[in-house]
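File shown: my_file_19.pdb (PDB, C-alpha atoms, pLDDT in the B column).
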```pdb
MODEL        1
ATOM      1  CA  MET B   1     -39.319  99.142  68.365  1.00 64.00           C
ATOM      2  CA  LEU B   2     -39.023  97.159  71.579  1.00 66.00           C
ATOM      3  CA  PRO B   3     -35.564  96.575  73.039  1.00 72.00           C
ATOM      4  CA  PRO B   4     -34.573  92.876  72.762  1.00 68.00           C
ATOM      5  CA  ASN B   5     -34.112  92.575  76.532  1.00 70.00           C
ATOM      6  CA  SER B   6     -37.598  93.869  77.397  1.00 84.00           C
ATOM      7  CA  HIS B   7     -40.390  91.767  78.836  1.00 87.00           C
ATOM      8  CA  ARG B   8     -42.740  92.642  75.986  1.00 90.00           C
ATOM      9  CA  PHE B   9     -40.149  91.669  73.387  1.00 94.00           C
ATOM     10  CA  ALA B  10     -39.852  88.237  75.030  1.00 94.00           C
ATOM     11  CA  GLY B  11     -43.631  87.848  75.058  1.00 96.00           C
ATOM     12  CA  LEU B  12     -44.100  88.948  71.465  1.00 96.00           C
ATOM     13  CA  THR B  13     -41.237  86.687  70.352  1.00 96.00           C
ATOM     14  CA  GLY B  14     -42.835  83.725  72.134  1.00 97.00           C
ATOM     15  CA  ALA B  15     -46.197  84.469  70.526  1.00 98.00           C
ATOM     16  CA  LEU B  16     -44.703  84.854  67.053  1.00 98.00           C
ATOM     17  CA  LEU B  17     -42.609  81.672  67.283  1.00 98.00           C
ATOM     18  CA  ALA B  18     -45.503  79.615  68.644  1.00 98.00           C
ATOM     19  CA  PHE B  19     -47.892  80.887  65.965  1.00 98.00           C
ATOM     20  CA  ALA B  20     -45.412  80.540  63.086  1.00 98.00           C
ATOM     21  CA  GLY B  21     -44.253  77.087  64.192  1.00 98.00           C
ATOM     22  CA  ASP B  22     -47.844  75.924  64.501  1.00 98.00           C
ATOM     23  CA  GLN B  23     -48.885  77.256  61.110  1.00 98.00           C
ATOM     24  CA  ALA B  24     -45.787  75.848  59.381  1.00 98.00           C
ATOM     25  CA  THR B  25     -46.287  72.354  60.818  1.00 98.00           C
ATOM     26  CA  LYS B  26     -49.994  72.394  59.988  1.00 98.00           C
ATOM     27  CA  ALA B  27     -49.220  73.473  56.407  1.00 97.00           C
ATOM     28  CA  VAL B  28     -46.978  70.419  55.988  1.00 97.00           C
ATOM     29  CA  VAL B  29     -49.589  68.135  57.563  1.00 97.00           C
ATOM     30  CA  ASN B  30     -52.428  69.546  55.457  1.00 96.00           C
ATOM     31  CA  ALA B  31     -50.343  69.150  52.289  1.00 97.00           C
ATOM     32  CA  ASN B  32     -49.795  65.492  53.191  1.00 97.00           C
ATOM     33  CA  SER B  33     -53.210  64.725  54.680  1.00 96.00           C
ATOM     34  CA  ALA B  34     -53.868  61.707  52.432  1.00 96.00           C
ATOM     35  CA  ALA B  35     -50.572  60.073  53.391  1.00 96.00           C
ATOM     36  CA  LEU B  36     -51.203  60.736  57.090  1.00 96.00           C
ATOM     37  CA  ALA B  37     -54.880  59.690  57.141  1.00 94.00           C
ATOM     38  CA  CYS B  38     -54.114  56.200  58.465  1.00 93.00           C
ATOM     39  CA  GLY B  39     -51.145  57.324  60.546  1.00 94.00           C
ATOM     40  CA  VAL B  40     -47.433  57.075  59.909  1.00 97.00           C
ATOM     41  CA  PRO B  41     -45.278  55.475  62.604  1.00 96.00           C
ATOM     42  CA  VAL B  42     -42.264  57.616  63.494  1.00 97.00           C
ATOM     43  CA  PHE B  43     -40.916  55.531  66.375  1.00 95.00           C
ATOM     44  CA  PRO B  44     -42.512  53.295  69.023  1.00 95.00           C
ATOM     45  CA  GLY B  45     -44.934  55.434  70.989  1.00 96.00           C
ATOM     46  CA  PHE B  46     -45.290  58.167  68.378  1.00 97.00           C
ATOM     47  CA  ASN B  47     -47.182  58.481  65.090  1.00 97.00           C
ATOM     48  CA  LEU B  48     -48.034  61.311  62.737  1.00 97.00           C
ATOM     49  CA  VAL B  49     -51.710  61.318  61.803  1.00 97.00           C
ATOM     50  CA  PHE B  50     -54.136  63.736  60.146  1.00 97.00           C
ATOM     51  CA  LEU B  51     -57.251  64.583  62.177  1.00 95.00           C
ATOM     52  CA  ARG B  52     -59.674  67.480  62.371  1.00 93.00           C
ATOM     53  CA  ASN B  53     -61.098  68.367  65.785  1.00 88.00           C
ATOM     54  CA  ASP B  54     -64.222  70.530  65.799  1.00 80.00           C
ATOM     55  CA  GLY B  55     -64.437  70.432  69.599  1.00 68.00           C
ATOM     56  CA  VAL B  56     -62.097  71.617  72.314  1.00 63.00           C
ATOM     57  CA  THR B  57     -59.615  69.643  74.396  1.00 61.00           C
ATOM     58  CA  PHE B  58     -59.994  65.892  73.783  1.00 52.00           C
ATOM     59  CA  GLY B  59     -62.785  66.628  71.279  1.00 53.00           C
ATOM     60  CA  LEU B  60     -65.205  67.762  73.989  1.00 52.00           C
ATOM     61  CA  LEU B  61     -68.126  69.915  72.864  1.00 54.00           C
ATOM     62  CA  GLY B  62     -67.813  68.794  69.246  1.00 56.00           C
ATOM     63  CA  GLY B  63     -70.569  70.230  67.105  1.00 60.00           C
ATOM     64  CA  VAL B  64     -70.607  73.641  68.801  1.00 59.00           C
ATOM     65  CA  PRO B  65     -70.274  76.310  66.068  1.00 66.00           C
ATOM     66  CA  TRP B  66     -66.630  77.034  65.218  1.00 61.00           C
ATOM     67  CA  TRP B  67     -67.145  80.774  65.583  1.00 69.00           C
ATOM     68  CA  ALA B  68     -68.139  80.346  69.240  1.00 70.00           C
ATOM     69  CA  PHE B  69     -64.782  78.744  70.055  1.00 70.00           C
ATOM     70  CA  ALA B  70     -62.933  81.330  67.970  1.00 74.00           C
ATOM     71  CA  ALA B  71     -64.695  84.237  69.721  1.00 81.00           C
ATOM     72  CA  LEU B  72     -64.000  82.788  73.171  1.00 83.00           C
ATOM     73  CA  ALA B  73     -60.335  82.160  72.297  1.00 82.00           C
ATOM     74  CA  LEU B  74     -59.904  85.705  70.983  1.00 87.00           C
ATOM     75  CA  ALA B  75     -61.414  87.155  74.172  1.00 91.00           C
ATOM     76  CA  ILE B  76     -58.988  85.071  76.238  1.00 91.00           C
ATOM     77  CA  VAL B  77     -56.078  86.193  74.021  1.00 94.00           C
ATOM     78  CA  VAL B  78     -56.939  89.843  74.721  1.00 95.00           C
ATOM     79  CA  TRP B  79     -56.966  89.132  78.476  1.00 96.00           C
ATOM     80  CA  LEU B  80     -53.640  87.267  78.228  1.00 96.00           C
ATOM     81  CA  ALA B  81     -52.117  90.135  76.228  1.00 96.00           C
ATOM     82  CA  VAL B  82     -52.971  92.502  79.085  1.00 96.00           C
ATOM     83  CA  LEU B  83     -51.340  90.097  81.549  1.00 96.00           C
ATOM     84  CA  MET B  84     -48.306  89.811  79.259  1.00 96.00           C
ATOM     85  CA  ALA B  85     -47.969  93.615  79.139  1.00 94.00           C
ATOM     86  CA  ARG B  86     -48.057  93.688  82.956  1.00 94.00           C
ATOM     87  CA  ALA B  87     -45.570  90.811  83.357  1.00 94.00           C
ATOM     88  CA  THR B  88     -42.838  91.432  85.897  1.00 89.00           C
ATOM     89  CA  ASP B  89     -40.104  89.370  84.225  1.00 92.00           C
ATOM     90  CA  ARG B  90     -39.144  87.985  80.818  1.00 94.00           C
ATOM     91  CA  LEU B  91     -39.969  84.364  81.666  1.00 96.00           C
ATOM     92  CA  GLU B  92     -43.519  85.304  82.646  1.00 96.00           C
ATOM     93  CA  ALA B  93     -43.949  87.419  79.496  1.00 97.00           C
ATOM     94  CA  LEU B  94     -42.532  84.624  77.316  1.00 97.00           C
ATOM     95  CA  ALA B  95     -44.965  82.169  78.908  1.00 98.00           C
ATOM     96  CA  TYR B  96     -47.967  84.394  78.178  1.00 98.00           C
ATOM     97  CA  GLY B  97     -46.690  84.903  74.639  1.00 98.00           C
ATOM     98  CA  MET B  98     -46.454  81.149  74.034  1.00 98.00           C
ATOM     99  CA  VAL B  99     -50.035  80.648  75.227  1.00 97.00           C
ATOM    100  CA  ILE B 100     -51.221  83.534  73.044  1.00 97.00           C
ATOM    101  CA  GLY B 101     -49.379  82.241  69.955  1.00 98.00           C
ATOM    102  CA  GLY B 102     -50.735  78.730  70.444  1.00 96.00           C
ATOM    103  CA  ALA B 103     -54.276  79.977  70.951  1.00 94.00           C
ATOM    104  CA  LEU B 104     -54.062  82.143  67.830  1.00 96.00           C
ATOM    105  CA  GLY B 105     -52.713  79.178  65.853  1.00 96.00           C
ATOM    106  CA  ASN B 106     -55.808  77.157  66.688  1.00 93.00           C
ATOM    107  CA  VAL B 107     -58.086  80.153  66.039  1.00 92.00           C
ATOM    108  CA  ALA B 108     -56.526  80.484  62.573  1.00 95.00           C
ATOM    109  CA  ASP B 109     -57.426  76.832  61.931  1.00 93.00           C
ATOM    110  CA  ARG B 110     -61.009  77.373  63.038  1.00 87.00           C
ATOM    111  CA  LEU B 111     -61.328  80.418  60.777  1.00 89.00           C
ATOM    112  CA  ARG B 112     -59.767  78.618  57.807  1.00 92.00           C
ATOM    113  CA  CYS B 113     -61.183  75.089  58.214  1.00 90.00           C
ATOM    114  CA  GLY B 114     -63.939  75.258  60.841  1.00 86.00           C
ATOM    115  CA  ALA B 115     -61.895  72.832  62.973  1.00 88.00           C
ATOM    116  CA  VAL B 116     -58.384  72.400  64.361  1.00 93.00           C
ATOM    117  CA  THR B 117     -55.808  70.199  62.600  1.00 96.00           C
ATOM    118  CA  ASP B 118     -54.252  67.690  65.002  1.00 96.00           C
ATOM    119  CA  PHE B 119     -51.406  65.405  63.979  1.00 97.00           C
ATOM    120  CA  LEU B 120     -49.256  64.331  66.932  1.00 98.00           C
ATOM    121  CA  ASP B 121     -50.266  60.884  68.200  1.00 97.00           C
ATOM    122  CA  VAL B 122     -48.527  59.664  71.367  1.00 97.00           C
ATOM    123  CA  TYR B 123     -49.309  56.206  72.695  1.00 96.00           C
ATOM    124  CA  VAL B 124     -48.261  53.466  75.079  1.00 96.00           C
ATOM    125  CA  ARG B 125     -49.134  49.942  73.935  1.00 92.00           C
ATOM    126  CA  GLY B 126     -52.742  50.265  72.748  1.00 88.00           C
ATOM    127  CA  TRP B 127     -53.545  53.419  74.719  1.00 94.00           C
ATOM    128  CA  HIS B 128     -53.449  56.607  72.590  1.00 93.00           C
ATOM    129  CA  TRP B 129     -53.427  60.088  74.047  1.00 91.00           C
ATOM    130  CA  PRO B 130     -55.832  62.299  72.053  1.00 92.00           C
ATOM    131  CA  ALA B 131     -54.005  63.703  69.030  1.00 94.00           C
ATOM    132  CA  PHE B 132     -52.715  67.255  69.399  1.00 95.00           C
ATOM    133  CA  ASN B 133     -50.674  69.857  67.507  1.00 97.00           C
ATOM    134  CA  PHE B 134     -47.830  72.341  67.913  1.00 97.00           C
ATOM    135  CA  ALA B 135     -50.221  75.054  69.161  1.00 97.00           C
ATOM    136  CA  ASP B 136     -51.291  72.741  71.980  1.00 96.00           C
ATOM    137  CA  VAL B 137     -47.628  72.097  72.836  1.00 97.00           C
ATOM    138  CA  ALA B 138     -47.022  75.866  72.980  1.00 97.00           C
ATOM    139  CA  VAL B 139     -50.037  76.433  75.250  1.00 96.00           C
ATOM    140  CA  VAL B 140     -49.082  73.641  77.670  1.00 96.00           C
ATOM    141  CA  SER B 141     -45.421  74.710  77.647  1.00 98.00           C
ATOM    142  CA  GLY B 142     -46.465  78.311  78.291  1.00 98.00           C
ATOM    143  CA  VAL B 143     -48.571  77.261  81.273  1.00 97.00           C
ATOM    144  CA  GLY B 144     -45.624  75.223  82.556  1.00 98.00           C
ATOM    145  CA  LEU B 145     -43.380  78.286  82.247  1.00 97.00           C
ATOM    146  CA  LEU B 146     -45.960  80.380  84.115  1.00 97.00           C
ATOM    147  CA  LEU B 147     -45.874  77.868  86.967  1.00 97.00           C
ATOM    148  CA  LEU B 148     -42.065  77.901  86.915  1.00 96.00           C
ATOM    149  CA  SER B 149     -42.037  81.706  86.898  1.00 94.00           C
ATOM    150  CA  GLU B 150     -44.315  81.781  89.968  1.00 93.00           C
ATOM    151  CA  PHE B 151     -42.175  79.185  91.731  1.00 93.00           C
ATOM    152  CA  LEU B 152     -38.980  81.144  91.066  1.00 92.00           C
ATOM    153  CA  ALA B 153     -40.598  84.424  92.167  1.00 88.00           C
ATOM    154  CA  SER B 154     -41.770  82.748  95.370  1.00 87.00           C
ATOM    155  CA  ARG B 155     -38.256  81.456  96.096  1.00 86.00           C
ATOM    156  CA  ARG B 156     -36.760  84.919  95.472  1.00 82.00           C
ATOM    157  CA  SER B 157     -39.339  86.471  97.789  1.00 78.00           C
ATOM    158  CA  ARG B 158     -38.601  83.955 100.560  1.00 78.00           C
ATOM    159  CA  ARG B 159     -34.860  84.525 100.194  1.00 80.00           C
ATOM    160  CA  LEU B 160     -35.303  88.295 100.527  1.00 79.00           C
ATOM    161  CA  ARG B 161     -37.465  87.911 103.647  1.00 79.00           C
ATOM    162  CA  GLY B 162     -35.397  85.215 105.299  1.00 66.00           C
TER     163      GLY B 162
ENDMDL
END
```
Output the file's structure as structure tokens, nothing else.
Amino acid sequence: MLPPNSHRFAGLTGALLAFAGDQATKAVVNANSAALACGVPVFPGFNLVFLRNDGVTFGLLGGVPWWAFAALALAIVVWLAVLMARATDRLEALAYGMVIGGALGNVADRLRCGAVTDFLDVYVRGWHWPAFNFADVAVVSGVGLLLLSEFLASRRSRRLRG
């Protein structure tokens, strides 16, 4: 059992929460796919919609076999898990965990459906950002936390030298 204040505990918690949150939201969306097919306005600038993406980011490389994306994602997850285990602070480990959990959430979709379920539709006037999901939010947030972790480490290092 990992102590709750350890780096690995933070990383594993981030991975578990990202994965579970993604799978729970996708279960609700999949159960209501017919109602969401044409989109449901939530508030100006945001809709819920049911889409399946067989490509990668923004639908690029659509038509490539699902197993190729799943294999690549799993290889990256293994690499990120090594980086998470070597993390020097909890924020860095949490960030890696969020990326891992998000990636595994989308891999689970590819294994189950052959494509990723997307349902968050953000727009301004007539311009729509490509639909995305909770796993994507976890990955982007994790990368943002990695950048923040590096920034904070750099500031600490400068303070110690100066």
Using all atoms listed in the file, which residues sit within 9 Å of B:Asn106 once same-chain residues fewer than 5 positions away are excluded, as a compact mmCIF listing (two decimals) with C-alpha atoms, in the frame of the given file?
```txt
# COMPACT_ATOMS: atom_id res chain seq x y z
CA PHE B 19 -47.89 80.89 65.96
CA ASP B 22 -47.84 75.92 64.50
CA GLN B 23 -48.88 77.26 61.11
CA ALA B 70 -62.93 81.33 67.97
CA ALA B 73 -60.34 82.16 72.30
CA GLY B 101 -49.38 82.24 69.96
CA LEU B 111 -61.33 80.42 60.78
CA ALA B 115 -61.90 72.83 62.97
CA VAL B 116 -58.38 72.40 64.36
CA THR B 117 -55.81 70.20 62.60
CA ASN B 133 -50.67 69.86 67.51
CA ALA B 135 -50.22 75.05 69.16
CA ASP B 136 -51.29 72.74 71.98
```
Assuming the chain letters and numbering stay as they are in my file, what does the PyMOL selection byres ((chain B and resi 28-35) around 12) actually select? List them as a list in words. Gly21, Asp22, Gln23, Ala24, Thr25, Lys26, Ala27, Leu36, Ala37, Cys38, Gly39, Val40, Pro41, Leu48, Val49, Phe50, Leu51, Arg52, Asp109, Arg112, Cys113, Val116, Thr117, Asp118, Phe119, Leu120, Asn133 and Phe134 of chain B
Same residues, C-alpha atoms, output as an mmCIF file, keeping the file's coordinate frame:
```cif
data_model
loop_
_atom_site.group_PDB
_atom_site.id
_atom_site.type_symbol
_atom_site.label_atom_id
_atom_site.label_comp_id
_atom_site.auth_asym_id
_atom_site.auth_seq_id
_atom_site.Cartn_x
_atom_site.Cartn_y
_atom_site.Cartn_z
ATOM 1 C CA GLY B 21 -44.253 77.087 64.192
ATOM 2 C CA ASP B 22 -47.844 75.924 64.501
ATOM 3 C CA GLN B 23 -48.885 77.256 61.110
ATOM 4 C CA ALA B 24 -45.787 75.848 59.381
ATOM 5 C CA THR B 25 -46.287 72.354 60.818
ATOM 6 C CA LYS B 26 -49.994 72.394 59.988
ATOM 7 C CA ALA B 27 -49.220 73.473 56.407
ATOM 8 C CA LEU B 36 -51.203 60.736 57.090
ATOM 9 C CA ALA B 37 -54.880 59.690 57.141
ATOM 10 C CA CYS B 38 -54.114 56.200 58.465
ATOM 11 C CA GLY B 39 -51.145 57.324 60.546
ATOM 12 C CA VAL B 40 -47.433 57.075 59.909
ATOM 13 C CA PRO B 41 -45.278 55.475 62.604
ATOM 14 C CA LEU B 48 -48.034 61.311 62.737
ATOM 15 C CA VAL B 49 -51.710 61.318 61.803
ATOM 16 C CA PHE B 50 -54.136 63.736 60.146
ATOM 17 C CA LEU B 51 -57.251 64.583 62.177
ATOM 18 C CA ARG B 52 -59.674 67.480 62.371
ATOM 19 C CA ASP B 109 -57.426 76.832 61.931
ATOM 20 C CA ARG B 112 -59.767 78.618 57.807
ATOM 21 C CA CYS B 113 -61.183 75.089 58.214
ATOM 22 C CA VAL B 116 -58.384 72.400 64.361
ATOM 23 C CA THR B 117 -55.808 70.199 62.600
ATOM 24 C CA ASP B 118 -54.252 67.690 65.002
ATOM 25 C CA PHE B 119 -51.406 65.405 63.979
ATOM 26 C CA LEU B 120 -49.256 64.331 66.932
ATOM 27 C CA ASN B 133 -50.674 69.857 67.507
ATOM 28 C CA PHE B 134 -47.830 72.341 67.913
#
```
Enter the distance from atom CA of B:Asp121 to atom CA of B:Ala95, in Å, rounded to one decimal. 24.4 Å
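The nearest approach to B:Val99 among the residues B:Ala10, B:Leu160, B:Val140, B:Asn5, with only C-alpha atoms taken into account, belongs to B:Val140.
You will find atom CA of B:Tyr96 at 21.5 Å from atom CA of B:Ser157.
The space separating atom CA of B:Arg90 from atom CA of B:Ser6 comes to 7.0 Å.
The result of the PyMOL selection byres ((chain B and resi 78) around 12) on the shown file is B:Ala71, B:Leu72, B:Ala73, B:Leu74, B:Ala75, B:Ile76, B:Val77, B:Trp79, B:Leu80, B:Ala81, B:Val82, B:Leu83, B:Met84, B:Ala85, B:Tyr96, B:Gly97, B:Val99, B:Ile100, B:Gly101, B:Ala103, B:Leu104.
Using only C-alpha atoms, the contacts of B:Arg8 at a cut-off of 7 Å, with sequence neighbours closer than 3 positions omitted, comprise Gly11, Leu12, Ala85 and Ala93 of chain B.
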Set up a box along x, y and z of the file covering all listed atoms of stretch 95-101 of chain B, add 8 Å on every one of the six sides, and write the centre and edge lengths in Å to one decimal, as AutoDock Vina command-line options.
```
--center_x -48.1 --center_y 82.8 --center_z 74.4 --size_x 22.3 --size_y 20.3 --size_z 25.0
```
Which residue out of B:Leu145, B:Leu152, B:Val107, B:Asn47 has the minimum interatomic distance to B:Tyr123 when all atoms listed in the file are used? B:Asn47
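The residue that comes closest to B:Ala131, out of B:Arg161, B:Leu148, B:Asn53, B:Asp89 and on the basis of all atoms listed in the file, is B:Asn53.
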